[in-house]
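data.tsv (TSV, C-alpha atoms)
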```
chain	number	residue	atom	x	y	z
L	1	MET	CA	-1.50	-0.41	-3.99
L	2	PRO	CA	-0.11	-1.56	-7.36
L	3	LEU	CA	-1.37	-4.65	-9.20
L	4	LYS	CA	-4.66	-4.77	-7.36
L	5	THR	CA	-8.01	-5.16	-9.01
L	6	ILE	CA	-11.14	-3.14	-8.36
L	7	PRO	CA	-14.30	-5.07	-7.48
L	8	PRO	CA	-17.71	-4.17	-8.97
L	9	LEU	CA	-18.65	-0.63	-8.07
L	10	SER	CA	-21.80	-1.50	-6.15
L	11	ARG	CA	-19.77	-3.93	-4.04
L	12	ARG	CA	-17.05	-1.33	-3.51
L	13	ALA	CA	-19.52	1.34	-2.45
L	14	LEU	CA	-21.23	-1.05	-0.05
L	15	LEU	CA	-18.02	-2.09	1.61
L	16	ARG	CA	-16.72	1.44	1.86
L	17	ALA	CA	-19.90	2.38	3.69
L	18	LEU	CA	-19.55	-0.63	5.96
L	19	GLY	CA	-16.00	0.36	6.69
L	20	SER	CA	-16.82	3.87	7.82
L	21	GLY	CA	-16.91	4.68	11.48
L	22	ALA	CA	-20.47	5.92	11.13
L	23	ALA	CA	-21.64	2.64	9.63
L	24	LEU	CA	-19.96	0.61	12.32
L	25	GLY	CA	-21.47	2.80	14.97
L	26	GLY	CA	-24.87	2.23	13.37
L	27	LEU	CA	-24.38	-1.53	13.61
L	28	ALA	CA	-23.77	-1.22	17.31
L	29	GLY	CA	-26.97	0.78	17.65
L	30	CYS	CA	-28.96	-1.97	15.92
L	31	GLY	CA	-28.18	-4.61	18.49
L	32	ALA	CA	-24.89	-5.84	17.01
L	33	PRO	CA	-21.87	-5.84	19.35
L	34	ALA	CA	-19.75	-2.69	19.44
L	35	ALA	CA	-17.01	-2.81	16.81
L	36	TYR	CA	-14.16	-1.54	19.03
L	37	VAL	CA	-12.17	-4.23	20.82
L	38	ARG	CA	-10.43	-3.31	24.07
L	39	PRO	CA	-6.72	-4.14	24.48
L	40	GLY	CA	-7.36	-6.89	26.99
L	41	ASP	CA	-9.66	-8.74	24.58
L	42	ARG	CA	-7.37	-8.92	21.56
L	43	ALA	CA	-5.04	-11.82	22.34
L	44	ALA	CA	-5.74	-15.54	22.31
L	45	ALA	CA	-3.67	-18.42	23.65
L	46	ASP	CA	-0.57	-18.64	21.46
L	47	TRP	CA	0.04	-22.11	20.11
L	48	SER	CA	3.26	-21.22	18.29
L	49	SER	CA	5.51	-23.42	20.41
L	50	THR	CA	3.47	-26.56	19.77
L	51	GLU	CA	2.01	-25.79	16.33
L	52	GLN	CA	4.84	-24.96	13.96
L	53	ARG	CA	2.74	-23.15	11.40
L	54	LEU	CA	1.00	-19.92	10.51
L	55	ASN	CA	-1.57	-18.64	8.03
L	56	TRP	CA	-0.62	-15.60	5.93
L	57	ALA	CA	-3.00	-13.61	3.67
L	58	ASN	CA	-1.35	-11.40	1.06
L	59	TRP	CA	-1.98	-9.74	-2.32
L	60	PRO	CA	-1.29	-11.51	-5.64
L	61	LEU	CA	2.17	-11.08	-7.17
L	62	TYR	CA	3.59	-9.62	-3.97
L	63	ILE	CA	6.36	-12.07	-3.10
L	64	ASP	CA	9.31	-13.53	-4.98
L	65	THR	CA	8.73	-16.63	-7.08
L	66	ASP	CA	10.99	-19.02	-8.95
L	67	ASP	CA	11.26	-18.12	-12.65
L	68	GLU	CA	11.10	-21.74	-13.75
L	69	ARG	CA	8.55	-22.90	-11.16
L	70	PRO	CA	6.23	-19.96	-10.33
L	71	SER	CA	4.48	-21.92	-7.59
L	72	ARG	CA	7.68	-21.83	-5.54
L	73	ARG	CA	8.52	-18.85	-3.32
L	74	PRO	CA	12.25	-18.95	-2.54
L	75	THR	CA	12.42	-16.60	0.45
L	76	LEU	CA	9.39	-18.20	2.07
L	77	GLU	CA	10.77	-21.70	1.50
L	78	THR	CA	14.05	-20.66	3.12
L	79	PHE	CA	12.18	-19.40	6.18
L	80	GLU	CA	10.35	-22.71	6.49
L	81	LYS	CA	13.61	-24.67	6.25
L	82	ARG	CA	15.40	-22.47	8.80
L	83	THR	CA	12.64	-22.45	11.38
L	84	GLY	CA	10.58	-25.58	10.81
L	85	ILE	CA	7.49	-23.34	10.63
L	86	SER	CA	5.09	-24.24	7.83
L	87	VAL	CA	3.45	-21.22	6.19
L	88	ALA	CA	0.05	-21.44	4.51
L	89	TYR	CA	0.42	-18.53	2.10
L	90	VAL	CA	-2.83	-17.44	0.43
L	91	GLU	CA	-3.13	-14.72	-2.22
L	92	GLU	CA	-6.65	-13.71	-1.22
L	93	ILE	CA	-6.46	-9.92	-0.93
L	94	ASN	CA	-7.51	-8.17	-4.13
L	95	ASP	CA	-8.92	-4.94	-2.72
L	96	ASN	CA	-8.70	-3.33	0.72
L	97	ASP	CA	-12.45	-2.71	1.03
L	98	GLU	CA	-13.32	-6.16	-0.20
L	99	PHE	CA	-10.99	-7.82	2.30
L	100	PHE	CA	-12.33	-5.59	5.07
L	101	GLY	CA	-15.81	-6.85	4.31
L	102	LYS	CA	-14.54	-10.42	4.32
L	103	ILE	CA	-13.00	-10.46	7.80
L	104	SER	CA	-14.77	-7.63	9.64
L	105	PRO	CA	-17.73	-9.76	10.81
L	106	ALA	CA	-15.38	-12.02	12.75
L	107	LEU	CA	-13.35	-9.17	14.20
L	108	MET	CA	-16.31	-7.08	15.34
L	109	ASN	CA	-17.87	-10.17	16.91
L	110	HIS	CA	-14.66	-11.02	18.79
L	111	GLN	CA	-14.00	-14.16	16.79
L	112	PRO	CA	-10.76	-15.40	15.16
L	113	THR	CA	-10.29	-14.74	11.45
L	114	GLY	CA	-8.30	-17.92	10.76
L	115	ARG	CA	-5.35	-15.75	9.73
L	116	ASP	CA	-2.18	-15.05	11.71
L	117	LEU	CA	-0.81	-12.41	9.38
L	118	ILE	CA	-2.39	-10.04	6.87
L	119	VAL	CA	-1.08	-7.31	4.54
L	120	ILE	CA	-3.21	-4.26	3.77
L	121	SER	CA	-2.63	-0.66	2.76
L	122	ASP	CA	-1.77	1.74	5.54
L	123	TRP	CA	-4.93	3.83	5.07
L	124	MET	CA	-6.91	0.67	5.79
L	125	SER	CA	-4.47	-0.41	8.49
L	126	ALA	CA	-5.35	2.84	10.24
L	127	ARG	CA	-8.97	1.70	10.44
L	128	PHE	CA	-7.98	-1.65	11.94
L	129	VAL	CA	-5.74	0.05	14.51
L	130	ARG	CA	-8.47	2.52	15.52
L	131	LEU	CA	-10.97	-0.30	15.94
L	132	GLY	CA	-8.56	-2.35	18.06
L	133	TRP	CA	-8.64	-5.25	15.61
L	134	VAL	CA	-4.90	-5.94	15.58
L	135	GLN	CA	-2.40	-6.83	18.27
L	136	GLU	CA	0.75	-5.08	19.39
L	137	MET	CA	3.88	-6.92	18.36
L	138	ASP	CA	6.65	-8.02	20.69
L	139	ARG	CA	9.71	-6.18	19.41
L	140	ALA	CA	11.93	-8.34	21.61
L	141	ARG	CA	11.25	-11.02	19.00
L	142	GLN	CA	12.02	-8.63	16.16
L	143	PRO	CA	15.57	-7.26	16.39
L	144	ASN	CA	15.82	-6.80	12.62
L	145	VAL	CA	12.69	-4.65	12.52
L	146	THR	CA	14.04	-2.54	15.37
L	147	ARG	CA	17.38	-2.06	13.65
L	148	TYR	CA	16.58	-1.86	9.95
L	149	LEU	CA	13.09	-0.38	9.44
L	150	ASP	CA	13.26	2.73	7.24
L	151	PRO	CA	13.25	5.79	9.57
L	152	GLN	CA	10.80	7.59	7.28
L	153	LEU	CA	8.25	4.81	7.83
L	154	ARG	CA	8.75	4.29	11.56
L	155	SER	CA	5.99	6.35	13.06
L	156	PRO	CA	2.87	7.08	10.97
L	157	ALA	CA	0.17	9.14	12.64
L	158	PHE	CA	-2.22	6.18	12.88
L	159	ASP	CA	0.32	3.92	14.62
L	160	PRO	CA	3.03	5.91	16.44
L	161	GLY	CA	6.16	3.82	16.78
L	162	ARG	CA	4.68	1.09	14.54
L	163	LYS	CA	3.53	-0.91	17.54
L	164	CYS	CA	0.85	-2.81	15.59
L	165	THR	CA	2.08	-2.62	11.99
L	166	VAL	CA	5.28	-3.27	10.06
L	167	PRO	CA	5.64	-2.25	6.39
L	168	TRP	CA	5.78	-5.15	3.96
L	169	GLN	CA	6.59	-2.97	0.96
L	170	SER	CA	6.40	0.73	0.31
L	171	GLY	CA	5.85	2.88	-2.75
L	172	ILE	CA	5.29	6.34	-4.14
L	173	THR	CA	2.20	7.82	-5.75
L	174	GLY	CA	3.47	10.25	-8.36
L	175	ILE	CA	3.05	10.97	-12.07
L	176	ALA	CA	3.90	8.68	-14.96
L	177	TYR	CA	4.08	10.02	-18.47
L	178	ASN	CA	5.21	9.16	-21.98
L	179	ARG	CA	8.13	11.44	-22.74
L	180	ARG	CA	7.97	10.83	-26.48
L	181	GLY	CA	4.25	11.57	-26.50
L	182	THR	CA	4.41	14.76	-24.44
L	183	GLY	CA	7.59	16.03	-26.08
L	184	ARG	CA	8.65	17.56	-22.79
L	185	GLU	CA	9.20	16.87	-19.11
L	186	ILE	CA	6.38	16.88	-16.60
L	187	ARG	CA	7.54	18.30	-13.29
L	188	GLN	CA	4.45	19.56	-11.46
L	189	VAL	CA	0.93	18.35	-10.72
L	190	SER	CA	-0.42	21.38	-12.57
L	191	ASP	CA	1.27	20.07	-15.75
L	192	LEU	CA	-1.53	17.49	-15.92
L	193	TRP	CA	-3.91	20.32	-16.79
L	194	ALA	CA	-1.94	21.53	-19.85
L	195	SER	CA	-4.17	22.07	-22.89
L	196	ASP	CA	-2.20	19.73	-25.15
L	197	LEU	CA	-2.95	16.82	-22.78
L	198	LYS	CA	-6.72	17.32	-22.93
L	199	GLY	CA	-8.51	13.98	-22.83
L	200	ARG	CA	-5.27	12.05	-22.33
L	201	VAL	CA	-4.91	12.27	-18.55
L	202	THR	CA	-6.16	9.79	-15.93
L	203	LEU	CA	-6.45	10.01	-12.17
L	204	LEU	CA	-6.74	7.15	-9.70
L	205	SER	CA	-10.33	6.34	-8.83
L	206	GLY	CA	-9.87	5.47	-5.18
L	207	LEU	CA	-10.19	8.39	-2.80
L	208	ASP	CA	-7.41	7.18	-0.52
L	209	GLU	CA	-5.08	6.64	-3.46
L	210	ALA	CA	-5.75	9.93	-5.25
L	211	PHE	CA	-6.20	12.83	-2.87
L	212	ALA	CA	-2.75	13.32	-1.34
L	213	LEU	CA	-0.80	13.99	-4.54
L	214	LEU	CA	-3.42	16.45	-5.74
L	215	MET	CA	-3.22	18.31	-2.43
L	216	GLN	CA	0.55	18.43	-2.68
L	217	GLY	CA	0.13	20.13	-6.04
L	218	ASN	CA	-1.56	22.93	-4.09
L	219	GLY	CA	1.34	23.18	-1.66
L	220	VAL	CA	-0.52	21.44	1.17
L	221	ASP	CA	1.35	19.65	3.95
L	222	ILE	CA	-0.38	16.28	3.64
L	223	THR	CA	0.67	15.21	7.13
L	224	ARG	CA	-1.96	17.64	8.44
L	225	TRP	CA	-4.36	18.46	5.64
L	226	THR	CA	-7.84	19.85	6.39
L	227	ALA	CA	-11.37	19.45	5.08
L	228	ASP	CA	-10.96	22.75	3.22
L	229	ASP	CA	-7.90	21.33	1.46
L	230	PHE	CA	-9.93	18.31	0.39
L	231	HIS	CA	-12.83	20.32	-0.99
L	232	THR	CA	-10.45	22.62	-2.87
L	233	VAL	CA	-9.02	19.59	-4.65
L	234	CYS	CA	-12.53	18.34	-5.45
L	235	ASP	CA	-13.45	21.73	-6.92
L	236	GLN	CA	-10.37	21.60	-9.14
L	237	VAL	CA	-10.96	18.04	-10.31
L	238	GLU	CA	-14.64	18.74	-11.03
L	239	LYS	CA	-13.56	21.61	-13.25
L	240	GLN	CA	-11.11	19.41	-15.16
L	241	VAL	CA	-13.76	16.72	-15.62
L	242	LYS	CA	-16.24	19.22	-17.03
L	243	GLU	CA	-13.64	20.60	-19.42
L	244	GLY	CA	-12.75	17.13	-20.72
L	245	GLN	CA	-9.18	17.21	-19.47
L	246	ILE	CA	-9.50	13.91	-17.59
L	247	ARG	CA	-10.07	10.89	-19.81
L	248	ARG	CA	-11.27	8.72	-16.94
L	249	PHE	CA	-10.60	7.54	-13.39
L	250	THR	CA	-8.82	4.21	-13.11
L	251	GLY	CA	-7.64	1.45	-10.88
L	252	ASN	CA	-4.44	-0.24	-11.98
L	253	ASP	CA	-5.73	-0.36	-15.54
L	254	TYR	CA	-3.97	2.98	-16.13
L	255	ILE	CA	-1.05	0.71	-17.03
L	256	LYS	CA	-2.84	-0.42	-20.19
L	257	ASP	CA	-3.81	3.14	-21.14
L	258	LEU	CA	-0.28	4.45	-20.70
L	259	SER	CA	1.31	1.53	-22.55
L	260	SER	CA	-1.06	1.86	-25.52
L	261	GLY	CA	-0.52	5.61	-25.83
L	262	ASP	CA	-4.18	6.42	-25.21
L	263	VAL	CA	-3.00	8.31	-22.14
L	264	LEU	CA	0.08	10.51	-22.01
L	265	ALA	CA	0.17	11.36	-18.30
L	266	CYS	CA	-1.46	9.92	-15.19
L	267	GLN	CA	-1.31	9.36	-11.49
L	268	ALA	CA	0.72	6.20	-11.01
L	269	TYR	CA	2.54	3.97	-8.55
L	270	SER	CA	6.31	3.74	-8.64
L	271	GLY	CA	6.46	-0.07	-8.67
L	272	ASP	CA	4.21	-0.30	-11.72
L	273	VAL	CA	6.34	2.13	-13.69
L	274	ILE	CA	9.55	0.18	-13.09
L	275	GLN	CA	7.89	-2.76	-14.78
L	276	LEU	CA	6.53	-0.63	-17.64
L	277	GLN	CA	9.96	0.88	-18.33
L	278	ALA	CA	11.38	-2.54	-19.07
L	279	ASP	CA	9.17	-2.64	-22.19
L	280	ASN	CA	8.99	1.06	-23.00
L	281	PRO	CA	11.92	3.34	-22.08
L	282	ASP	CA	9.84	6.39	-23.00
L	283	ILE	CA	7.73	5.91	-19.86
L	284	GLU	CA	8.98	8.07	-17.02
L	285	PHE	CA	7.99	8.45	-13.38
L	286	VAL	CA	8.33	11.73	-11.57
L	287	VAL	CA	8.06	12.88	-7.99
L	288	PRO	CA	6.63	16.36	-8.64
L	289	ASP	CA	8.48	19.44	-7.46
L	290	GLU	CA	5.75	19.94	-4.85
L	291	GLY	CA	6.25	16.42	-3.51
L	292	ALA	CA	4.59	13.01	-3.65
L	293	GLU	CA	2.97	10.58	-1.26
L	294	LEU	CA	5.03	7.82	0.33
L	295	TRP	CA	2.82	4.92	1.33
L	296	ALA	CA	3.20	1.41	2.66
L	297	GLU	CA	1.26	-1.80	2.82
L	298	SER	CA	1.79	-3.33	6.19
L	299	LEU	CA	1.92	-6.64	7.97
L	300	MET	CA	-0.47	-6.95	10.90
L	301	ILE	CA	-1.45	-9.70	13.32
L	302	PRO	CA	-5.24	-9.74	13.71
L	303	ASN	CA	-6.97	-10.31	17.02
L	304	LEU	CA	-7.16	-13.85	18.38
L	305	ALA	CA	-4.45	-15.09	16.00
L	306	ARG	CA	-3.41	-18.58	17.05
L	307	HIS	CA	0.27	-18.30	16.07
L	308	LYS	CA	1.34	-14.79	17.03
L	309	ALA	CA	4.97	-15.60	17.91
L	310	ASN	CA	5.44	-17.46	14.64
L	311	ALA	CA	4.07	-14.47	12.74
L	312	GLU	CA	6.40	-12.10	14.56
L	313	ARG	CA	9.32	-14.35	13.70
L	314	LEU	CA	8.42	-14.37	10.00
L	315	ILE	CA	8.10	-10.58	9.93
L	316	ASP	CA	11.56	-10.20	11.44
L	317	TYR	CA	13.01	-12.68	8.94
L	318	TYR	CA	11.94	-10.41	6.08
L	319	TYR	CA	13.78	-7.52	7.73
L	320	ASP	CA	17.10	-9.30	7.42
L	321	PRO	CA	18.80	-7.13	4.75
L	322	GLU	CA	19.84	-10.20	2.74
L	323	VAL	CA	16.24	-11.42	2.58
L	324	ALA	CA	14.86	-7.93	1.99
L	325	ALA	CA	17.26	-7.52	-0.94
L	326	GLU	CA	16.11	-10.78	-2.53
L	327	LEU	CA	12.48	-9.70	-2.19
L	328	ALA	CA	13.15	-6.18	-3.47
L	329	ALA	CA	14.89	-7.52	-6.58
L	330	TRP	CA	11.69	-9.33	-7.49
L	331	VAL	CA	8.85	-6.99	-6.49
L	332	ASN	CA	10.54	-3.65	-7.40
L	333	TYR	CA	8.68	-1.47	-4.88
L	334	VAL	CA	10.31	0.90	-2.41
L	335	CYS	CA	12.18	-1.35	-0.02
L	336	PRO	CA	11.41	-0.63	3.68
L	337	VAL	CA	14.88	-1.94	4.58
L	338	PRO	CA	17.39	0.63	3.29
L	339	ALA	CA	20.30	-1.63	4.33
L	340	ALA	CA	19.25	-4.01	1.55
L	341	ARG	CA	20.68	-1.51	-0.92
L	342	ASP	CA	24.26	-2.41	-0.03
L	343	VAL	CA	23.44	-6.09	-0.40
L	344	LEU	CA	22.15	-5.56	-3.94
L	345	ALA	CA	25.03	-3.23	-4.84
L	346	SER	CA	27.49	-6.04	-4.11
L	347	ALA	CA	25.57	-8.62	-6.15
L	348	LYS	CA	27.52	-10.39	-8.88
L	349	ASP	CA	24.51	-10.24	-11.19
L	350	GLU	CA	24.64	-6.89	-13.01
L	351	GLU	CA	20.88	-6.56	-13.26
L	352	SER	CA	20.44	-7.00	-9.51
L	353	ALA	CA	23.32	-4.65	-8.74
L	354	ALA	CA	21.75	-1.97	-10.93
L	355	LEU	CA	18.60	-2.02	-8.79
L	356	ALA	CA	20.61	-0.61	-5.90
L	357	GLY	CA	20.90	2.66	-7.80
L	358	ASN	CA	17.22	2.90	-8.71
L	359	PRO	CA	15.65	5.73	-6.65
L	360	LEU	CA	12.19	4.17	-7.06
L	361	ILE	CA	13.41	1.21	-4.97
L	362	PHE	CA	15.90	3.04	-2.76
L	363	PRO	CA	15.01	6.77	-2.82
L	364	ASP	CA	18.00	9.07	-2.48
L	365	GLU	CA	18.06	11.91	0.02
L	366	GLU	CA	16.95	14.51	-2.51
L	367	MET	CA	13.90	12.48	-3.45
L	368	ARG	CA	13.15	11.64	0.19
L	369	SER	CA	13.03	15.35	0.98
L	370	ARG	CA	9.97	15.59	-1.29
L	371	LEU	CA	8.14	12.54	0.06
L	372	ALA	CA	5.57	12.62	2.85
L	373	ILE	CA	3.15	10.19	4.47
L	374	ALA	CA	-0.39	11.56	4.36
L	375	ARG	CA	-2.53	11.56	7.44
L	376	ASP	CA	-5.37	9.14	6.90
L	377	ILE	CA	-9.04	10.00	6.46
L	378	ASN	CA	-10.64	9.48	9.83
L	379	SER	CA	-14.01	7.83	10.42
L	380	ASP	CA	-15.82	11.15	10.95
L	381	GLU	CA	-14.65	12.41	7.55
L	382	ARG	CA	-14.96	9.28	5.45
L	383	VAL	CA	-18.67	9.18	4.67
L	384	GLU	CA	-18.85	12.83	3.58
L	385	PHE	CA	-15.60	12.77	1.61
L	386	SER	CA	-16.33	9.45	-0.08
L	387	LYS	CA	-19.71	10.68	-1.27
L	388	ARG	CA	-18.22	13.72	-2.91
L	389	TRP	CA	-15.21	11.99	-4.45
L	390	ASN	CA	-17.19	9.00	-5.71
L	391	ARG	CA	-19.66	11.31	-7.41
L	392	ILE	CA	-16.81	13.08	-9.23
L	393	ALA	CA	-15.06	9.82	-10.17
L	394	GLY	CA	-18.30	8.16	-11.26
L	395	LEU	CA	-18.12	5.38	-8.69
```
Kindly present the structure from the file in structure tokens form.
Amino acid sequence: MPLKTIPPLSRRALLRALGSGAALGGLAGCGAPAAYVRPGDRAAADWSSTEQRLNWANWPLYIDTDDERPSRRPTLETFEKRTGISVAYVEEINDNDEFFGKISPALMNHQPTGRDLIVISDWMSARFVRLGWVQEMDRARQPNVTRYLDPQLRSPAFDPGRKCTVPWQSGITGIAYNRRGTGREIRQVSDLWASDLKGRVTLLSGLDEAFALLMQGNGVDITRWTADDFHTVCDQVEKQVKEGQIRRFTGNDYIKDLSSGDVLACQAYSGDVIQLQADNPDIEFVVPDEGAELWAESLMIPNLARHKANAERLIDYYYDPEVAAELAAWVNYVCPVPAARDVLASAKDEESAALAGNPLIFPDEEMRSRLAIARDINSDERVEFSKRWNRIAGL
């Protein structure tokens, strides 16, 4: 979720419509092949043993780099040296909907995407899993994943047992605020509606990014929220928009607003705030008393991938606690490998060792008790809910 740009609104709206179950069903009715791919049609011949390579699509700024030579990626280079597998790493994912539009024609037409490994947000991963566009992984090739994957991330509703997905990084959607500017703590979602914050609050523009935290503010169990819960939130947000409480709806540009002081409190991602705090210690991140959303962006192997075994091997490499610790020290999101905490704690470098105690990278038990993974918006709901939310957010 963090550090991702938002494409032009018309493009975003088009792709969101394309991505809905209703739109895909309409394509099938117009003579295009059905979007769903049956289990027996997902795999291709695996050339991993004879072709020592794989193609990996990821987001920008989402892997460790060398401080002196930014084009180098130390953990990835180590994998290549250990295994002899060459990795073509491409930072081509800038938005979930945009990337969906880019590769969906191939997947719905039962054609290879040219990618062996992709990383997308779990709410979008849910769509791929439902459509049968990704393959089950062979856990026999992934002992580290089996042993070290964070228990809280092991079995989301869209992929029980994580058969088709493995978290790359995780994070928390909570509230960021400027303590000096507010003059007080913010502890609850309802604090965003305080009169002295009028016009200096932002919410996230994307439906999938915004709704869960707002529901939690109403005491909703986001693992099983209902349509009524959604419309209640929309009613509340519409009211705050009309009253001028909300300055605007944002993508990741809330970072600029918060840093400049134009905004005093906002919905935010934990990984972004860690980076902001390095420059401004007055910026704080809070998991509200009512709870916050724990999310992940996950590795998946798309249908007809040519190097499936190589991809599975790379995924397992990143679940080695030593490797996960090196990655976590650079990206600063919630690490999906809790065992990496002990690795960082024993680091000789004081800055790295301090990260082991940061609850926004390794949440403690108290914080974990207030985190939940939201059930995703299913295809039957998406068109209706997107229309209402986009109208409120001005998309």
The residue from L:Ala106, L:Ala45, L:Val119, L:Leu294 with the smallest atom-to-atom distance to Glu91 of chain L, counting all atoms listed in the file, is L:Val119
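Distance annotation: of L:Met124, L:Asn378, L:Arg391, L:Ile172, the residue with the minimal separation from Ile361 of chain L is L:Ile172; atom set is all atoms listed in the file.
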List every residue of segment 259-311 of chain L that has an atom at most 8 Å from any atom of segment 340-360 of chain L, giving for each one its closest atom pair and the distance in Å to one decimal, counting all atoms listed in the file, sorted by chain and then by ascending residue number, as a tab-separated table.
```
residue	atom	partner	partner_atom	distance
L:Ser270	CA	L:Leu360	CA	6.1
L:Gly271	CA	L:Leu360	CA	7.3
L:Ile274	CA	L:Leu360	CA	7.7
```
Pairwise distance, atom CA of Pro143 of chain L with atom CA of Glu366 of chain L, equals 28.9 Å
- Exercise: Trp389 of chain L partners within 12 Å, only C-alpha atoms, chain neighbours under 2 positions left out, as a ChimeraX atom specification: /L:13,203-211,230-238,249,382-387,391-395
- request: Just give me the residues with any atom within 12 Å of (2.4, 23.9, -0.6), file coordinates, counting only C-alpha atoms, written as a PyMOL selection string.
  value: chain L and resi 188-189+212-225+229+288-292+370
Restricting it to C-alpha atoms, dump the selection as a PDB file, keeping the file's coordinate frame.
```
ATOM      1  CA  GLN L 188       4.450  19.560 -11.460  1.00  0.00           C
ATOM      2  CA  VAL L 189       0.930  18.350 -10.720  1.00  0.00           C
ATOM      3  CA  ALA L 212      -2.750  13.320  -1.340  1.00  0.00           C
ATOM      4  CA  LEU L 213      -0.800  13.990  -4.540  1.00  0.00           C
ATOM      5  CA  LEU L 214      -3.420  16.450  -5.740  1.00  0.00           C
ATOM      6  CA  MET L 215      -3.220  18.310  -2.430  1.00  0.00           C
ATOM      7  CA  GLN L 216       0.550  18.430  -2.680  1.00  0.00           C
ATOM      8  CA  GLY L 217       0.130  20.130  -6.040  1.00  0.00           C
ATOM      9  CA  ASN L 218      -1.560  22.930  -4.090  1.00  0.00           C
ATOM     10  CA  GLY L 219       1.340  23.180  -1.660  1.00  0.00           C
ATOM     11  CA  VAL L 220      -0.520  21.440   1.170  1.00  0.00           C
ATOM     12  CA  ASP L 221       1.350  19.650   3.950  1.00  0.00           C
ATOM     13  CA  ILE L 222      -0.380  16.280   3.640  1.00  0.00           C
ATOM     14  CA  THR L 223       0.670  15.210   7.130  1.00  0.00           C
ATOM     15  CA  ARG L 224      -1.960  17.640   8.440  1.00  0.00           C
ATOM     16  CA  TRP L 225      -4.360  18.460   5.640  1.00  0.00           C
ATOM     17  CA  ASP L 229      -7.900  21.330   1.460  1.00  0.00           C
ATOM     18  CA  PRO L 288       6.630  16.360  -8.640  1.00  0.00           C
ATOM     19  CA  ASP L 289       8.480  19.440  -7.460  1.00  0.00           C
ATOM     20  CA  GLU L 290       5.750  19.940  -4.850  1.00  0.00           C
ATOM     21  CA  GLY L 291       6.250  16.420  -3.510  1.00  0.00           C
ATOM     22  CA  ALA L 292       4.590  13.010  -3.650  1.00  0.00           C
ATOM     23  CA  ARG L 370       9.970  15.590  -1.290  1.00  0.00           C
TER      24      ARG L 370
END
```
One decimal place gives the atom CA of Tyr148 of chain L-atom CA of Pro74 of chain L separation as 21.6 Å
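You will find atom CA of Pro112 of chain L at 19.1 Å from atom CA of Asp97 of chain L.
The shortest atom-to-atom distance to Cys335 of chain L, with all atoms listed in the file taken into account, belongs to L:Leu149 out of L:Val241, L:Met108, L:Ile103, L:Leu149.
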Can you save segment 57-66 of chain L of the given block to a file, including N, CA, C and O atoms and formatted as a short mmCIF file (atom, residue, chain, number, x, y, z; two decimals), in the first residue's frame?
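Output saved as out-v2.cif:
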```cif
data_model
loop_
_atom_site.label_atom_id
_atom_site.label_comp_id
_atom_site.auth_asym_id
_atom_site.auth_seq_id
_atom_site.Cartn_x
_atom_site.Cartn_y
_atom_site.Cartn_z
N ALA L 57 7.85 -9.23 -10.91
CA ALA L 57 7.28 -7.88 -10.96
C ALA L 57 6.95 -7.42 -9.55
O ALA L 57 6.24 -8.11 -8.81
N ASN L 58 7.45 -6.24 -9.18
CA ASN L 58 7.22 -5.72 -7.84
C ASN L 58 6.96 -4.22 -7.92
O ASN L 58 7.02 -3.61 -8.98
N TRP L 59 6.66 -3.63 -6.75
CA TRP L 59 6.44 -2.19 -6.63
C TRP L 59 7.78 -1.46 -6.54
O TRP L 59 8.78 -2.04 -6.14
N PRO L 60 7.81 -0.17 -6.85
CA PRO L 60 9.03 0.61 -6.64
C PRO L 60 9.38 0.71 -5.15
O PRO L 60 8.48 0.68 -4.28
N LEU L 61 10.66 0.81 -4.85
CA LEU L 61 11.15 1.06 -3.49
C LEU L 61 10.67 0.00 -2.50
O LEU L 61 10.36 0.30 -1.36
N TYR L 62 10.63 -1.25 -2.94
CA TYR L 62 10.06 -2.30 -2.08
C TYR L 62 11.04 -3.45 -1.88
O TYR L 62 10.61 -4.58 -1.64
N ILE L 63 12.33 -3.16 -2.00
CA ILE L 63 13.36 -4.16 -1.75
C ILE L 63 14.60 -3.38 -1.31
O ILE L 63 14.74 -2.19 -1.61
N ASP L 64 15.48 -4.04 -0.60
CA ASP L 64 16.69 -3.38 -0.13
C ASP L 64 17.60 -3.02 -1.30
O ASP L 64 17.70 -3.76 -2.28
N THR L 65 18.27 -1.88 -1.17
CA THR L 65 19.25 -1.46 -2.16
C THR L 65 20.53 -1.04 -1.44
O THR L 65 20.53 -0.78 -0.24
N ASP L 66 21.60 -0.98 -2.19
CA ASP L 66 22.89 -0.56 -1.66
C ASP L 66 22.92 0.97 -1.56
O ASP L 66 22.56 1.66 -2.51
#
```
